[in-house]
file upload_39.cif (mmCIF, C-alpha atoms and all ligand atoms)
data_structure
loop_
_atom_site.label_atom_id
_atom_site.label_comp_id
_atom_site.auth_asym_id
_atom_site.auth_seq_id
_atom_site.Cartn_x
_atom_site.Cartn_y
_atom_site.Cartn_z
CA MET O 9 0.00 0.00 0.00
CA LYS O 10 1.27 3.45 -0.84
CA PHE O 11 0.56 6.40 1.44
CA ASP O 12 0.50 10.07 0.58
CA TRP O 13 1.89 10.92 3.99
CA LEU O 14 3.97 9.27 6.68
CA ILE O 15 3.39 11.00 10.00
CA ILE O 16 5.93 10.38 12.75
CA GLY O 17 4.27 10.33 16.19
CA ALA O 18 0.62 10.09 17.26
CA GLY O 19 0.19 13.06 19.64
CA TYR O 20 -1.90 16.19 19.21
CA SER O 21 0.16 17.50 16.30
CA ALA O 22 -0.02 14.22 14.39
CA CYS O 23 -3.71 13.60 15.07
CA VAL O 24 -4.75 17.09 13.90
CA LEU O 25 -2.68 16.82 10.72
CA ALA O 26 -3.83 13.28 9.92
CA GLU O 27 -7.45 14.23 10.48
CA ARG O 28 -7.21 17.32 8.24
CA LEU O 29 -5.28 15.52 5.49
CA ALA O 30 -7.74 12.63 5.36
CA THR O 31 -11.00 14.51 5.89
CA VAL O 32 -10.40 17.66 3.88
CA LEU O 33 -8.06 16.46 1.16
CA GLY O 34 -8.79 12.72 0.98
CA GLN O 35 -5.10 11.94 1.50
CA ARG O 36 -3.94 8.52 2.65
CA VAL O 37 -1.98 8.75 5.90
CA LEU O 38 0.14 6.32 7.87
CA ILE O 39 0.93 7.31 11.46
CA VAL O 40 3.96 5.55 12.94
CA GLU O 41 4.20 5.79 16.74
CA LYS O 42 6.88 4.21 18.88
CA ARG O 43 4.72 3.96 22.00
CA ASN O 44 1.96 1.37 22.36
CA HIS O 45 -0.82 3.98 22.23
CA ILE O 46 -1.96 7.14 20.45
CA GLY O 47 -2.28 10.56 22.11
CA GLY O 48 1.37 11.43 22.79
CA ASN O 49 1.88 12.99 26.18
CA ALA O 50 -1.82 13.80 26.49
CA TYR O 51 -2.70 10.07 26.58
CA ASP O 52 -5.08 9.06 29.38
CA HIS O 53 -6.53 5.71 30.45
CA TYR O 54 -8.55 4.12 33.23
CA ASN O 55 -6.37 2.53 35.91
CA GLU O 56 -7.19 -0.70 37.76
CA HIS O 57 -9.42 1.27 40.17
CA GLY O 58 -11.50 2.74 37.32
CA ILE O 59 -10.02 6.22 37.71
CA LEU O 60 -9.06 8.16 34.58
CA VAL O 61 -5.35 8.96 34.87
CA HIS O 62 -2.92 10.91 32.70
CA LYS O 63 0.05 8.64 32.11
CA TYR O 64 2.47 11.47 31.27
CA GLY O 65 1.39 13.99 33.88
CA PRO O 66 -1.73 16.08 34.46
CA HIS O 67 -3.08 17.72 31.31
CA ILE O 68 -5.56 20.55 31.78
CA PHE O 69 -7.14 21.95 28.65
CA HIS O 70 -7.44 25.73 28.32
CA THR O 71 -7.37 28.09 25.36
CA LYS O 72 -8.12 31.63 24.26
CA SER O 73 -8.73 30.39 20.72
CA LYS O 74 -12.33 29.86 19.60
CA LYS O 75 -10.93 28.22 16.49
CA VAL O 76 -9.12 25.53 18.53
CA TRP O 77 -12.15 25.06 20.75
CA ASP O 78 -14.53 24.66 17.79
CA TYR O 79 -12.13 22.34 16.01
CA LEU O 80 -11.68 19.95 18.95
CA SER O 81 -15.39 20.14 19.83
CA GLN O 82 -16.08 18.13 16.65
CA PHE O 83 -14.46 15.16 18.40
CA THR O 84 -15.42 15.52 22.03
CA ASP O 85 -17.99 16.88 24.44
CA TRP O 86 -16.58 18.75 27.38
CA ARG O 87 -16.88 18.87 31.14
CA PRO O 88 -16.36 22.41 32.49
CA TYR O 89 -13.33 22.47 34.78
CA TYR O 90 -11.42 25.38 36.30
CA HIS O 91 -8.07 24.22 37.56
CA GLN O 92 -6.88 25.52 40.93
CA VAL O 93 -3.43 25.19 42.45
CA LEU O 94 -2.26 25.77 46.01
CA GLY O 95 1.41 26.15 46.90
CA VAL O 96 2.80 25.15 50.28
CA LEU O 97 4.76 28.15 51.57
CA GLU O 98 6.01 28.14 55.15
CA GLY O 99 3.50 25.45 56.03
CA LYS O 100 0.53 27.39 54.61
CA LYS O 101 -1.34 26.51 51.43
CA VAL O 102 -1.85 29.63 49.31
CA PRO O 103 -3.23 30.21 45.81
CA ILE O 104 -0.80 29.88 42.89
CA PRO O 105 -0.40 31.98 40.73
CA PHE O 106 0.41 34.18 43.70
CA ASN O 107 -2.48 36.67 44.00
CA LEU O 108 -4.08 39.04 46.52
CA ASN O 109 -5.63 36.10 48.38
CA SER O 110 -2.13 34.60 48.76
CA LEU O 111 -0.97 37.90 50.22
CA TYR O 112 -3.67 37.89 52.91
CA ALA O 113 -3.12 34.20 53.66
CA LEU O 114 0.57 34.82 54.41
CA PHE O 115 0.94 38.25 56.02
CA PRO O 116 -0.77 40.06 58.93
CA PRO O 117 -3.85 41.93 57.60
CA LYS O 118 -2.42 45.45 58.01
CA TYR O 119 0.78 44.60 56.16
CA ALA O 120 -1.11 42.66 53.47
CA GLU O 121 -3.30 45.73 52.99
CA LYS O 122 -0.24 47.93 52.57
CA LEU O 123 1.28 45.54 50.00
CA GLU O 124 -2.03 45.29 48.16
CA GLY O 125 -2.18 49.10 47.97
CA LEU O 126 1.34 49.23 46.55
CA LEU O 127 0.59 46.56 43.94
CA LEU O 128 -2.58 48.36 42.84
CA GLU O 129 -0.83 51.72 42.73
CA ASN O 130 2.14 50.42 40.73
CA PHE O 131 0.46 47.95 38.38
CA GLY O 132 -3.34 48.09 38.70
CA PHE O 133 -6.05 45.54 39.42
CA GLY O 134 -6.30 42.55 37.08
CA VAL O 135 -2.69 42.93 35.89
CA LYS O 136 -0.33 39.94 35.63
CA VAL O 137 3.30 40.65 36.48
CA PRO O 138 6.00 38.06 35.79
CA ILE O 139 8.12 37.52 38.89
CA LEU O 140 11.37 38.56 37.19
CA LYS O 141 9.77 41.84 36.11
CA LEU O 142 8.35 42.44 39.59
CA ARG O 143 11.78 41.94 41.11
CA GLU O 144 13.40 44.39 38.71
CA SER O 145 10.84 47.13 39.03
CA ALA O 146 9.98 46.96 42.73
CA SER O 147 11.39 49.09 45.52
CA GLY O 148 10.81 49.33 49.28
CA ASP O 149 8.11 47.01 50.61
CA LEU O 150 7.27 45.80 47.10
CA SER O 151 10.87 44.74 46.72
CA PHE O 152 10.52 42.71 49.91
CA LEU O 153 7.37 41.09 48.48
CA ALA O 154 9.03 40.36 45.12
CA ASP O 155 12.00 38.71 46.86
CA TYR O 156 9.66 36.76 49.11
CA ILE O 157 7.66 35.37 46.17
CA TYR O 158 10.83 34.71 44.18
CA GLU O 159 12.42 32.79 47.07
CA ASN O 160 9.36 30.91 48.25
CA VAL O 161 7.42 30.21 45.06
CA PHE O 162 9.91 30.21 42.20
CA LEU O 163 13.52 29.62 43.18
CA ARG O 164 13.49 26.10 44.57
CA TYR O 165 10.61 24.87 42.41
CA THR O 166 12.54 26.01 39.32
CA MET O 167 15.79 24.52 40.61
CA LYS O 168 14.00 21.19 41.02
CA GLN O 169 12.14 21.36 37.72
CA TRP O 170 14.91 22.72 35.50
CA GLY O 171 18.16 22.34 37.45
CA VAL O 172 18.83 26.09 37.05
CA LYS O 173 17.61 29.38 38.55
CA PRO O 174 14.63 31.26 37.04
CA GLU O 175 16.86 33.96 35.54
CA GLU O 176 18.89 31.35 33.64
CA LEU O 177 15.80 30.32 31.64
CA ASP O 178 13.83 32.10 28.97
CA ARG O 179 11.72 34.64 30.88
CA GLY O 180 8.60 33.15 29.36
CA VAL O 181 8.98 30.02 31.48
CA THR O 182 8.32 31.62 34.89
CA GLY O 183 6.18 34.19 33.08
CA ARG O 184 3.65 31.36 32.55
CA VAL O 185 2.73 31.72 36.23
CA PRO O 186 2.82 35.50 36.84
CA VAL O 187 1.92 37.28 40.05
CA TYR O 188 -1.76 38.09 39.49
CA ILE O 189 -3.13 41.26 41.08
CA SER O 190 -6.57 39.82 41.50
CA ARG O 191 -8.78 37.68 43.72
CA ASP O 192 -9.23 35.05 40.99
CA ASN O 193 -7.83 31.75 42.29
CA ARG O 194 -7.99 29.90 38.96
CA TYR O 195 -4.68 28.75 37.45
CA PHE O 196 -5.77 29.94 33.99
CA GLN O 197 -8.01 32.78 32.87
CA ASP O 198 -8.64 31.60 29.30
CA PRO O 199 -12.28 31.82 28.11
CA TYR O 200 -12.34 28.11 27.21
CA GLN O 201 -11.42 25.78 30.07
CA ALA O 202 -12.73 22.22 30.18
CA MET O 203 -11.77 18.56 30.09
CA PRO O 204 -12.81 16.17 27.30
CA LYS O 205 -15.83 14.39 28.75
CA LEU O 206 -14.61 10.89 27.90
CA GLY O 207 -10.91 11.74 28.09
CA TYR O 208 -8.22 12.78 25.62
CA THR O 209 -7.60 9.30 24.20
CA GLU O 210 -11.23 8.93 23.19
CA MET O 211 -11.05 12.32 21.49
CA PHE O 212 -7.95 11.20 19.54
CA ASN O 213 -9.67 7.91 18.63
CA ARG O 214 -12.45 9.90 17.02
CA MET O 215 -10.02 12.15 15.17
CA LEU O 216 -8.27 9.15 13.65
CA ASP O 217 -11.46 7.23 12.87
CA HIS O 218 -11.24 7.61 9.10
CA PRO O 219 -10.74 4.93 6.43
CA ASN O 220 -7.76 6.84 4.99
CA ILE O 221 -5.85 6.85 8.29
CA LYS O 222 -3.81 3.85 9.43
CA VAL O 223 -1.87 3.73 12.68
CA LEU O 224 1.19 1.60 13.31
CA LEU O 225 2.03 1.45 17.04
CA ASN O 226 5.12 0.09 18.83
CA THR O 227 7.25 1.21 15.90
CA ASP O 228 10.11 3.66 15.74
CA TYR O 229 9.85 5.17 12.25
CA ARG O 230 13.59 4.60 11.78
CA GLU O 231 13.01 0.83 11.84
CA THR O 232 10.37 0.84 9.11
CA ILE O 233 10.86 3.89 6.95
CA ASP O 234 12.64 1.88 4.22
CA ASP O 235 9.75 -0.60 4.01
CA ILE O 236 6.97 1.95 3.62
CA LYS O 237 5.94 3.66 0.42
CA PHE O 238 4.94 7.29 0.90
CA ASN O 239 5.29 10.68 -0.78
CA ARG O 240 5.93 13.11 2.06
CA ILE O 241 6.69 13.11 5.76
CA VAL O 242 5.40 15.09 8.71
CA CYS O 243 7.70 14.71 11.68
CA THR O 244 6.24 15.43 15.14
CA GLY O 245 9.08 13.65 16.95
CA PRO O 246 12.31 15.32 18.12
CA ILE O 247 14.01 17.36 15.41
CA ASP O 248 17.56 16.43 16.53
CA THR O 249 16.72 12.71 16.27
CA PHE O 250 15.39 13.23 12.75
CA PHE O 251 18.74 14.67 11.68
CA ASP O 252 20.66 11.98 13.54
CA TYR O 253 21.99 14.49 16.09
CA MET O 254 24.28 16.03 13.43
CA TYR O 255 24.60 19.23 15.47
CA GLY O 256 24.40 17.46 18.82
CA GLU O 257 21.48 16.90 21.18
CA LEU O 258 18.84 19.48 21.97
CA PRO O 259 18.48 19.00 25.71
CA TYR O 260 15.22 18.43 27.56
CA ARG O 261 14.04 18.04 31.10
CA SER O 262 12.16 14.90 31.97
CA LEU O 263 9.96 13.73 34.83
CA ARG O 264 9.22 10.54 36.68
CA PHE O 265 5.57 10.11 37.58
CA GLN O 266 4.61 8.23 40.71
CA PHE O 267 0.98 7.12 40.89
CA GLU O 268 -0.61 6.13 44.17
CA THR O 269 -4.20 5.14 44.90
CA LEU O 270 -5.59 5.75 48.38
CA ASP O 271 -8.58 4.11 50.07
CA ARG O 272 -10.23 7.43 50.74
CA GLU O 273 -12.52 9.65 48.76
CA CYS O 274 -10.42 12.78 48.66
CA PHE O 275 -6.79 13.72 49.44
CA GLN O 276 -6.35 17.46 48.86
CA GLU O 277 -8.40 20.65 48.56
CA VAL O 278 -7.78 21.38 44.87
CA GLY O 279 -6.59 19.64 41.70
CA THR O 280 -2.90 20.34 42.25
CA VAL O 281 -0.77 21.22 45.27
CA ASN O 282 2.71 22.58 44.52
CA TYR O 283 5.63 21.93 46.86
CA PRO O 284 8.19 24.57 45.88
CA ASN O 285 10.22 24.18 49.06
CA ASP O 286 9.78 20.66 50.38
CA TYR O 287 10.57 17.17 49.08
CA ASP O 288 12.00 16.17 45.70
CA ILE O 289 8.65 16.51 43.96
CA THR O 290 7.30 19.70 42.42
CA ARG O 291 3.59 18.92 42.70
CA ILE O 292 0.86 16.39 43.47
CA THR O 293 -2.26 16.21 41.34
CA GLU O 294 -5.42 14.38 42.34
CA GLN O 295 -6.79 12.91 39.14
CA LYS O 296 -10.46 12.86 40.17
CA TYR O 297 -10.60 16.68 40.14
CA LEU O 298 -9.71 16.54 36.45
CA SER O 299 -12.12 13.74 35.48
CA GLY O 300 -14.96 14.72 37.81
CA GLN O 301 -15.43 11.08 38.81
CA THR O 302 -16.85 9.96 42.14
CA SER O 303 -15.27 6.92 43.79
CA PRO O 304 -14.43 5.74 47.32
CA LYS O 305 -10.78 5.68 46.14
CA THR O 306 -8.58 8.44 44.78
CA THR O 307 -5.46 8.38 42.60
CA LEU O 308 -2.63 10.88 43.01
CA VAL O 309 0.29 11.57 40.72
CA SER O 310 3.53 13.11 42.03
CA GLU O 311 6.12 14.59 39.66
CA TYR O 312 9.85 14.02 40.19
CA PRO O 313 11.94 16.17 37.83
CA GLN O 314 14.95 14.56 36.15
CA ALA O 315 17.49 15.18 33.42
CA TYR O 316 16.47 13.69 30.09
CA VAL O 317 18.64 10.76 29.06
CA PRO O 318 17.86 9.45 25.53
CA GLY O 319 16.79 5.83 25.61
CA LYS O 320 16.16 5.95 29.40
CA ASN O 321 13.24 8.37 29.84
CA ASP O 322 11.13 10.74 27.75
CA PRO O 323 11.86 14.28 26.50
CA TYR O 324 9.18 16.46 28.09
CA TYR O 325 10.35 20.06 28.38
CA PRO O 326 12.56 21.83 25.81
CA ILE O 327 15.10 23.91 27.73
CA LEU O 328 14.79 27.37 26.31
CA ASN O 329 18.06 29.33 26.49
CA ASN O 330 20.44 31.03 24.04
CA ASP O 331 22.77 28.06 23.49
CA ASN O 332 19.89 25.75 22.64
CA ARG O 333 18.30 28.34 20.38
CA ASP O 334 21.56 28.57 18.41
CA ARG O 335 21.64 24.79 18.05
CA LEU O 336 17.99 24.76 17.00
CA SER O 337 18.68 27.33 14.28
CA LEU O 338 21.26 24.95 12.76
CA TYR O 339 18.61 22.25 12.54
CA LEU O 340 16.12 24.74 11.08
CA LYS O 341 18.60 25.40 8.25
CA GLU O 342 18.65 21.65 7.54
CA ILE O 343 14.86 21.73 7.26
CA GLU O 344 15.11 24.40 4.57
CA LYS O 345 17.39 22.12 2.53
CA LEU O 346 14.62 19.49 2.42
CA LYS O 347 12.50 21.88 0.35
CA GLY O 348 9.17 20.91 1.82
CA THR O 349 9.47 17.13 1.40
CA VAL O 350 9.52 16.80 5.19
CA LEU O 351 7.39 19.09 7.35
CA PHE O 352 7.90 19.56 11.09
CA ALA O 353 5.33 20.45 13.74
CA GLY O 354 4.91 19.97 17.47
CA ARG O 355 6.55 20.44 20.82
CA LEU O 356 9.44 18.11 19.96
CA ALA O 357 9.76 18.92 16.26
CA ASP O 358 9.67 22.69 16.78
CA TYR O 359 11.48 22.46 20.14
CA LYS O 360 8.91 24.84 21.64
CA TYR O 361 7.16 24.79 25.00
CA TYR O 362 3.69 24.40 23.45
CA ASP O 363 0.58 23.85 25.47
CA MET O 364 -1.97 21.52 23.88
CA ASP O 365 -3.92 24.33 22.25
CA GLN O 366 -0.73 25.80 20.81
CA ALA O 367 0.12 22.43 19.29
CA VAL O 368 -3.33 22.49 17.63
CA VAL O 369 -2.82 26.06 16.39
CA ARG O 370 0.55 25.09 14.92
CA ALA O 371 -0.79 21.96 13.20
CA LEU O 372 -3.87 23.71 11.80
CA GLY O 373 -1.66 26.57 10.60
CA LEU O 374 0.73 24.20 8.85
CA PHE O 375 -2.19 22.48 7.18
CA GLU O 376 -3.99 25.65 6.10
CA LYS O 377 -0.99 27.75 5.07
CA GLU O 378 1.47 25.24 3.64
CA ILE O 379 -0.12 21.88 2.92
CA ALA O 380 -3.59 22.60 1.59
CA PRO O 381 -2.67 25.50 -0.76
CA ALA O 382 -0.03 23.30 -2.43
CA LEU O 383 -2.41 20.37 -2.89
CA VAL O 384 -5.70 21.92 -4.00
P1 LIG A 1 3.80 14.71 21.81
O1 LIG A 1 2.55 14.58 22.58
O2 LIG A 1 5.10 14.63 22.54
O3 LIG A 1 3.79 13.59 20.66
C1 LIG A 1 4.94 13.22 19.94
C2 LIG A 1 4.84 11.74 19.68
O4 LIG A 1 5.94 11.35 18.82
C3 LIG A 1 4.98 10.89 20.95
O5 LIG A 1 3.85 10.06 21.08
C4 LIG A 1 6.27 10.11 20.73
O6 LIG A 1 6.22 8.80 21.30
C5 LIG A 1 6.34 10.04 19.21
N1 LIG A 1 7.70 9.78 18.71
C6 LIG A 1 8.84 10.40 19.10
N2 LIG A 1 9.90 9.85 18.44
C7 LIG A 1 9.40 8.88 17.62
C8 LIG A 1 9.99 7.97 16.72
N3 LIG A 1 11.32 7.93 16.54
N4 LIG A 1 9.20 7.13 16.04
C9 LIG A 1 7.85 7.13 16.23
N5 LIG A 1 7.24 7.96 17.11
C10 LIG A 1 8.01 8.84 17.79
N6 LIG A 1 -0.47 21.25 27.83
C11 LIG A 1 -1.60 21.89 28.22
O7 LIG A 1 -2.24 22.57 27.42
N7 LIG A 1 -2.07 21.76 29.51
C12 LIG A 1 -1.43 21.01 30.44
O8 LIG A 1 -1.88 20.91 31.59
C13 LIG A 1 -0.23 20.35 30.05
N8 LIG A 1 0.45 19.60 30.95
C14 LIG A 1 1.60 18.98 30.58
C15 LIG A 1 2.28 18.23 31.53
C16 LIG A 1 3.46 17.58 31.19
C17 LIG A 1 4.19 16.79 32.22
C18 LIG A 1 3.95 17.68 29.86
C19 LIG A 1 5.23 16.99 29.47
C20 LIG A 1 3.28 18.43 28.91
C21 LIG A 1 2.10 19.09 29.26
N9 LIG A 1 1.37 19.83 28.33
C22 LIG A 1 0.23 20.49 28.72
C23 LIG A 1 1.84 19.98 26.93
C24 LIG A 1 1.27 18.91 26.00
O9 LIG A 1 1.69 17.64 26.43
C25 LIG A 1 1.78 19.20 24.58
O10 LIG A 1 1.43 20.49 24.14
C26 LIG A 1 1.25 18.22 23.53
O11 LIG A 1 1.22 16.91 24.00
C27 LIG A 1 2.13 18.32 22.29
O12 LIG A 1 1.73 17.38 21.34
P2 LIG A 1 2.74 16.90 20.23
O13 LIG A 1 1.98 16.01 19.31
O14 LIG A 1 3.44 18.05 19.62
O15 LIG A 1 3.87 16.08 21.00
N1 LIG A 2 6.88 27.74 38.75
C1 LIG A 2 7.44 27.86 39.99
N2 LIG A 2 6.67 27.62 41.09
C2 LIG A 2 5.37 27.27 41.00
C3 LIG A 2 4.79 27.15 39.73
C4 LIG A 2 5.58 27.37 38.61
O1 LIG A 2 8.63 28.14 40.12
O2 LIG A 2 4.72 27.07 42.04
C5 LIG A 2 7.74 28.01 37.57
C6 LIG A 2 8.61 26.79 37.22
O3 LIG A 2 9.82 27.25 36.67
C7 LIG A 2 7.75 26.10 36.18
C8 LIG A 2 7.22 27.30 35.40
O4 LIG A 2 6.95 28.29 36.42
O5 LIG A 2 8.50 25.21 35.39
C9 LIG A 2 5.97 27.04 34.59
O6 LIG A 2 4.98 26.45 35.43
P1 LIG A 2 3.76 25.64 34.79
O7 LIG A 2 2.86 25.24 35.91
O8 LIG A 2 3.19 26.43 33.69
O9 LIG A 2 4.53 24.37 34.20
P2 LIG A 2 3.99 23.06 33.48
O10 LIG A 2 2.57 22.86 33.89
O11 LIG A 2 4.19 23.29 32.02
O12 LIG A 2 4.91 21.99 34.02
#
call {"tool": "encode", "arguments": {"input": "upload_39.cif", "output": "C-alpha cells"}}
result
Amino acid sequence: MKFDWLIIGAGYSACVLAERLATVLGQRVLIVEKRNHIGGNAYDHYNEHGILVHKYGPHIFHTKSKKVWDYLSQFTDWRPYYHQVLGVLEGKKVPIPFNLNSLYALFPPKYAEKLEGLLLENFGFGVKVPILKLRESASGDLSFLADYIYENVFLRYTMKQWGVKPEELDRGVTGRVPVYISRDNRYFQDPYQAMPKLGYTEMFNRMLDHPNIKVLLNTDYRETIDDIKFNRIVCTGPIDTFFDYMYGELPYRSLRFQFETLDRECFQEVGTVNYPNDYDITRITEQKYLSGQTSPKTTLVSEYPQAYVPGKNDPYYPILNNDNRDRLSLYLKEIEKLKGTVLFAGRLADYKYYDMDQAVVRALGLFEKEIAPALV
C-alpha cells in the first residue's frame, strides 16, 4: 500500500494533521508511533481502580482560541473544569499563581493591605506581572514582596524542575505563572477551560477514525521507513533525532511520575498542590478533580523532575536558552534544505514549550498555510 503521507508520532500535532489531510483532502496517511498507544503525552486511560489517569502527567485543557475550541469540539464533548493550584509556603497553602488572596493568607492583615495598595498603585487591578519583572521594578516594601515570592514560590521549584535558577531560563517560562493582582484563584483565565468528557484518548480515537488513516504502534519510524511507500513526511518527533543528532542533542528536562491510589474519597483541597520548598517533587495532582469522577478511592500523581537521558526516559520540556536556540537554528537550516518534502510540527519537532492548544494552532496553521494550498 502506498501512502501520501507518513506522520511520525501520534500526539496532538499528528492527530490534527492526519485528520485534516484525510477529511479535507482525501489523502492517505500512515501514522507511525513508537509507543503502544496514540495521544502522545496527552494520553489518558482508566487505571485498575476505574479512575481516569494521565500517564504522562496532568493535562488541563485551556485556550483563548475559539478556532481551537470549535475544532476539537467536533471530536469531544466537554466537562467544564477550572483548575486551581495551592502552593505550600512556610507550612501554609496559598493560591498559585500568587495573588491578593495569597498575600492575605501569608501576612498580617495590616501589612497585606499595605502591599495590596502598593501593587494596585504600581500595576493596577487585574494585571499579571511576571516575577522577574516584579523583582526588577519593585522598591521598598514591594521589593521585599518580590523577593519573598521569588524565594518561596519560584527559586526552589525552578531549581527542582529545571536544574537552574529562574533567571537562567527564557523569561517566558516563569512568566507562565505570573503574580496576578486579583482575587481570581484559577490557574488559567482563558475563556475556554474544560476537560474532554470521555478523556483525551477517546477524542484522539475519534479524530483518527477515518478509512484513509492507518496507525502503526510500537514502531520507531527509523526501523520501518525503508519498508513503507509514501510521498511526504510530517515529523512530530524530536528534530535532533530526525537529523541523527548532526549538530548534537537538543536538551530536555524529563519527569518521573509516581501514581498512588488511596482508600479514601479525597486527598487534597484542589486539583494540584505545589511543593516549591519541600521534598524532591514539584507537585501532586489528584486525578479525580480533572475527570470529575466519584469513587471511594482516589489516585494521586507526584512529579519528580529529572534530566532527560535518551533511551532511558522521555523528553518532556525543551530547555529554552540562548545556546539551545543557536543549536535549533542549525537544525532549522537543515529543514530548509529538504525543500518541503519533510514538514515539522509539534513540541518536539519545533522544540517549543507548546501547550496543547498551541500544538493544535501550529498543526492547523501548517495544514492551512502550507499543505492545503499546495495540494488543492
Ligand atoms: P507529543 O505529545 O510529545 O507527541 C509526539 C509523539 O511522537 C509521541 O507520542 C512520541 O512517542 C512520538 N515519537 C517520538 N519519536 C518517535 C519515533 N522515533 N518514532 C515514532 N514515534 C516517535 N499542555 C496543556 O495545554 N495543559 C497542560 O496541563 C499540560 N500539561 C503537561 C504536563 C506535562 C508533564 C507535559 C510533558 C506536557 C504538558 N502539556 C500540557 C503539553 C502537551 O503535552 C503538549 O502540548 C502536547 O502533547 C504536544 O503534542 P505533540 O503532538 O506536539 O507532542
Ligand atoms: N513555577 C514555579 N513555582 C510554581 C509554579 C511554577 O517556580 O509554584 C515556575 C517553574 O519554573 C515552572 C514554570 O513556572 O517550570 C511554569 O509552570 P507551569 O505550571 O506552567 O509548568 P507546566 O505545567 O508546564 O509543568
call {"tool": "residues_near_ligand", "arguments": {"input": "upload_39.cif", "ligand": "ligand LIG 2 (chain A)", "cutoff": "8 Å", "atoms": "all atoms listed in the file", "output": "JSON, numbers by chain"}}
result
{"O": [95, 104, 105, 161, 162, 163, 164, 165, 166, 167, 169, 170, 174, 181, 182, 183, 184, 185, 282, 283, 284, 290, 325, 361, 363]}
call {"tool": "residues_near_ligand", "arguments": {"input": "upload_39.cif", "ligand": "ligand LIG 1 (chain A)", "cutoff": "7 Å", "atoms": "all atoms listed in the file", "output": "VMD selection string"}}
result
chain O and resid 16 to 22 40 to 43 46 to 50 64 to 70 227 to 230 244 to 246 324 to 325 353 to 356 362 to 367
call {"tool": "axis_aligned_box", "arguments": {"input": "upload_39.cif", "around": "segment 247-265 of chain O", "padding_each_side": "4 Å", "output": "AutoDock Vina command-line options"}}
result
--center_x 15.1 --center_y 14.8 --center_z 24.6 --size_x 27.0 --size_y 17.4 --size_z 33.9
call {"tool": "atom_distance", "arguments": {"input": "upload_39.cif", "atom1": "atom CA of Leu127 of chain O", "atom2": "atom CA of Tyr156 of chain O"}}
result
14.3 Å
call {"tool": "residues_near_point", "arguments": {"input": "upload_39.cif", "point": "(-2.7, 11.8, 37.2)", "cutoff": "9 Å", "atoms": "only C-alpha atoms", "output": "number ranges by chain"}}
result
O: 52, 60-67, 265-267, 292-296, 298, 307-310
call {"tool": "atom_distance", "arguments": {"input": "upload_39.cif", "atom1": "atom CA of Pro186 of chain O", "atom2": "atom CA of Gly207 of chain O"}}
result
28.8 Å
call {"tool": "residues_around", "arguments": {"input": "upload_39.cif", "residues": "Arg335 of chain O", "least_positions_apart": "3", "cutoff": "8 Å", "atoms": "all atoms listed in the file", "output": "list of chain:residue names"}}
result
O:Tyr255, O:Gly256, O:Leu258, O:Asp331, O:Asn332, O:Leu338, O:Tyr339
call {"tool": "residues_around", "arguments": {"input": "upload_39.cif", "residues": "segment 140-150 of chain O", "least_positions_apart": "4", "cutoff": "9 Å", "atoms": "all atoms listed in the file", "output": "ChimeraX atom specification"}}
result
/O:122-123,126-127,130,154-155,158,174-175,179,182-183,187
call {"tool": "residues_around", "arguments": {"input": "upload_39.cif", "residues": "segment 276-278 of chain O", "least_positions_apart": "6", "cutoff": "9 Å", "atoms": "only C-alpha atoms", "output": "list in words"}}
result
His91, Gln92, Val93, Leu94, Thr293, Glu294 and Tyr297 of chain O
call {"tool": "write_last_selection", "arguments": {"input": "upload_39.cif", "atoms": "C-alpha atoms", "output": "mmCIF file, in the coordinates of the input"}}
result
data_model
loop_
_atom_site.group_PDB
_atom_site.id
_atom_site.type_symbol
_atom_site.label_atom_id
_atom_site.label_comp_id
_atom_site.auth_asym_id
_atom_site.auth_seq_id
_atom_site.Cartn_x
_atom_site.Cartn_y
_atom_site.Cartn_z
ATOM 1 C CA HIS O 91 -8.070 24.220 37.560
ATOM 2 C CA GLN O 92 -6.880 25.520 40.930
ATOM 3 C CA VAL O 93 -3.430 25.190 42.450
ATOM 4 C CA LEU O 94 -2.260 25.770 46.010
ATOM 5 C CA THR O 293 -2.260 16.210 41.340
ATOM 6 C CA GLU O 294 -5.420 14.380 42.340
ATOM 7 C CA TYR O 297 -10.600 16.680 40.140
#
call {"tool": "residues_near_point", "arguments": {"input": "upload_39.cif", "point": "(9.6, 5.0, 3.3)", "cutoff": "12 Å", "atoms": "all atoms listed in the file", "output": "mmCIF file with C-alpha atoms, in the frame of the given file"}}
result
data_model
loop_
_atom_site.group_PDB
_atom_site.id
_atom_site.type_symbol
_atom_site.label_atom_id
_atom_site.label_comp_id
_atom_site.auth_asym_id
_atom_site.auth_seq_id
_atom_site.Cartn_x
_atom_site.Cartn_y
_atom_site.Cartn_z
ATOM 1 C CA MET O 9 0.000 0.000 0.000
ATOM 2 C CA LYS O 10 1.270 3.450 -0.840
ATOM 3 C CA PHE O 11 0.560 6.400 1.440
ATOM 4 C CA ASP O 12 0.500 10.070 0.580
ATOM 5 C CA TRP O 13 1.890 10.920 3.990
ATOM 6 C CA LEU O 14 3.970 9.270 6.680
ATOM 7 C CA ILE O 15 3.390 11.000 10.000
ATOM 8 C CA ILE O 16 5.930 10.380 12.750
ATOM 9 C CA LEU O 38 0.140 6.320 7.870
ATOM 10 C CA VAL O 40 3.960 5.550 12.940
ATOM 11 C CA TYR O 229 9.850 5.170 12.250
ATOM 12 C CA ARG O 230 13.590 4.600 11.780
ATOM 13 C CA GLU O 231 13.010 0.830 11.840
ATOM 14 C CA THR O 232 10.370 0.840 9.110
ATOM 15 C CA ILE O 233 10.860 3.890 6.950
ATOM 16 C CA ASP O 234 12.640 1.880 4.220
ATOM 17 C CA ASP O 235 9.750 -0.600 4.010
ATOM 18 C CA ILE O 236 6.970 1.950 3.620
ATOM 19 C CA LYS O 237 5.940 3.660 0.420
ATOM 20 C CA PHE O 238 4.940 7.290 0.900
ATOM 21 C CA ASN O 239 5.290 10.680 -0.780
ATOM 22 C CA ARG O 240 5.930 13.110 2.060
ATOM 23 C CA ILE O 241 6.690 13.110 5.760
ATOM 24 C CA VAL O 350 9.520 16.800 5.190
#
call {"tool": "atom_distance", "arguments": {"input": "upload_39.cif", "atom1": "atom CA of Asn107 of chain O", "atom2": "atom CA of Arg194 of chain O"}}
result
10.1 Å
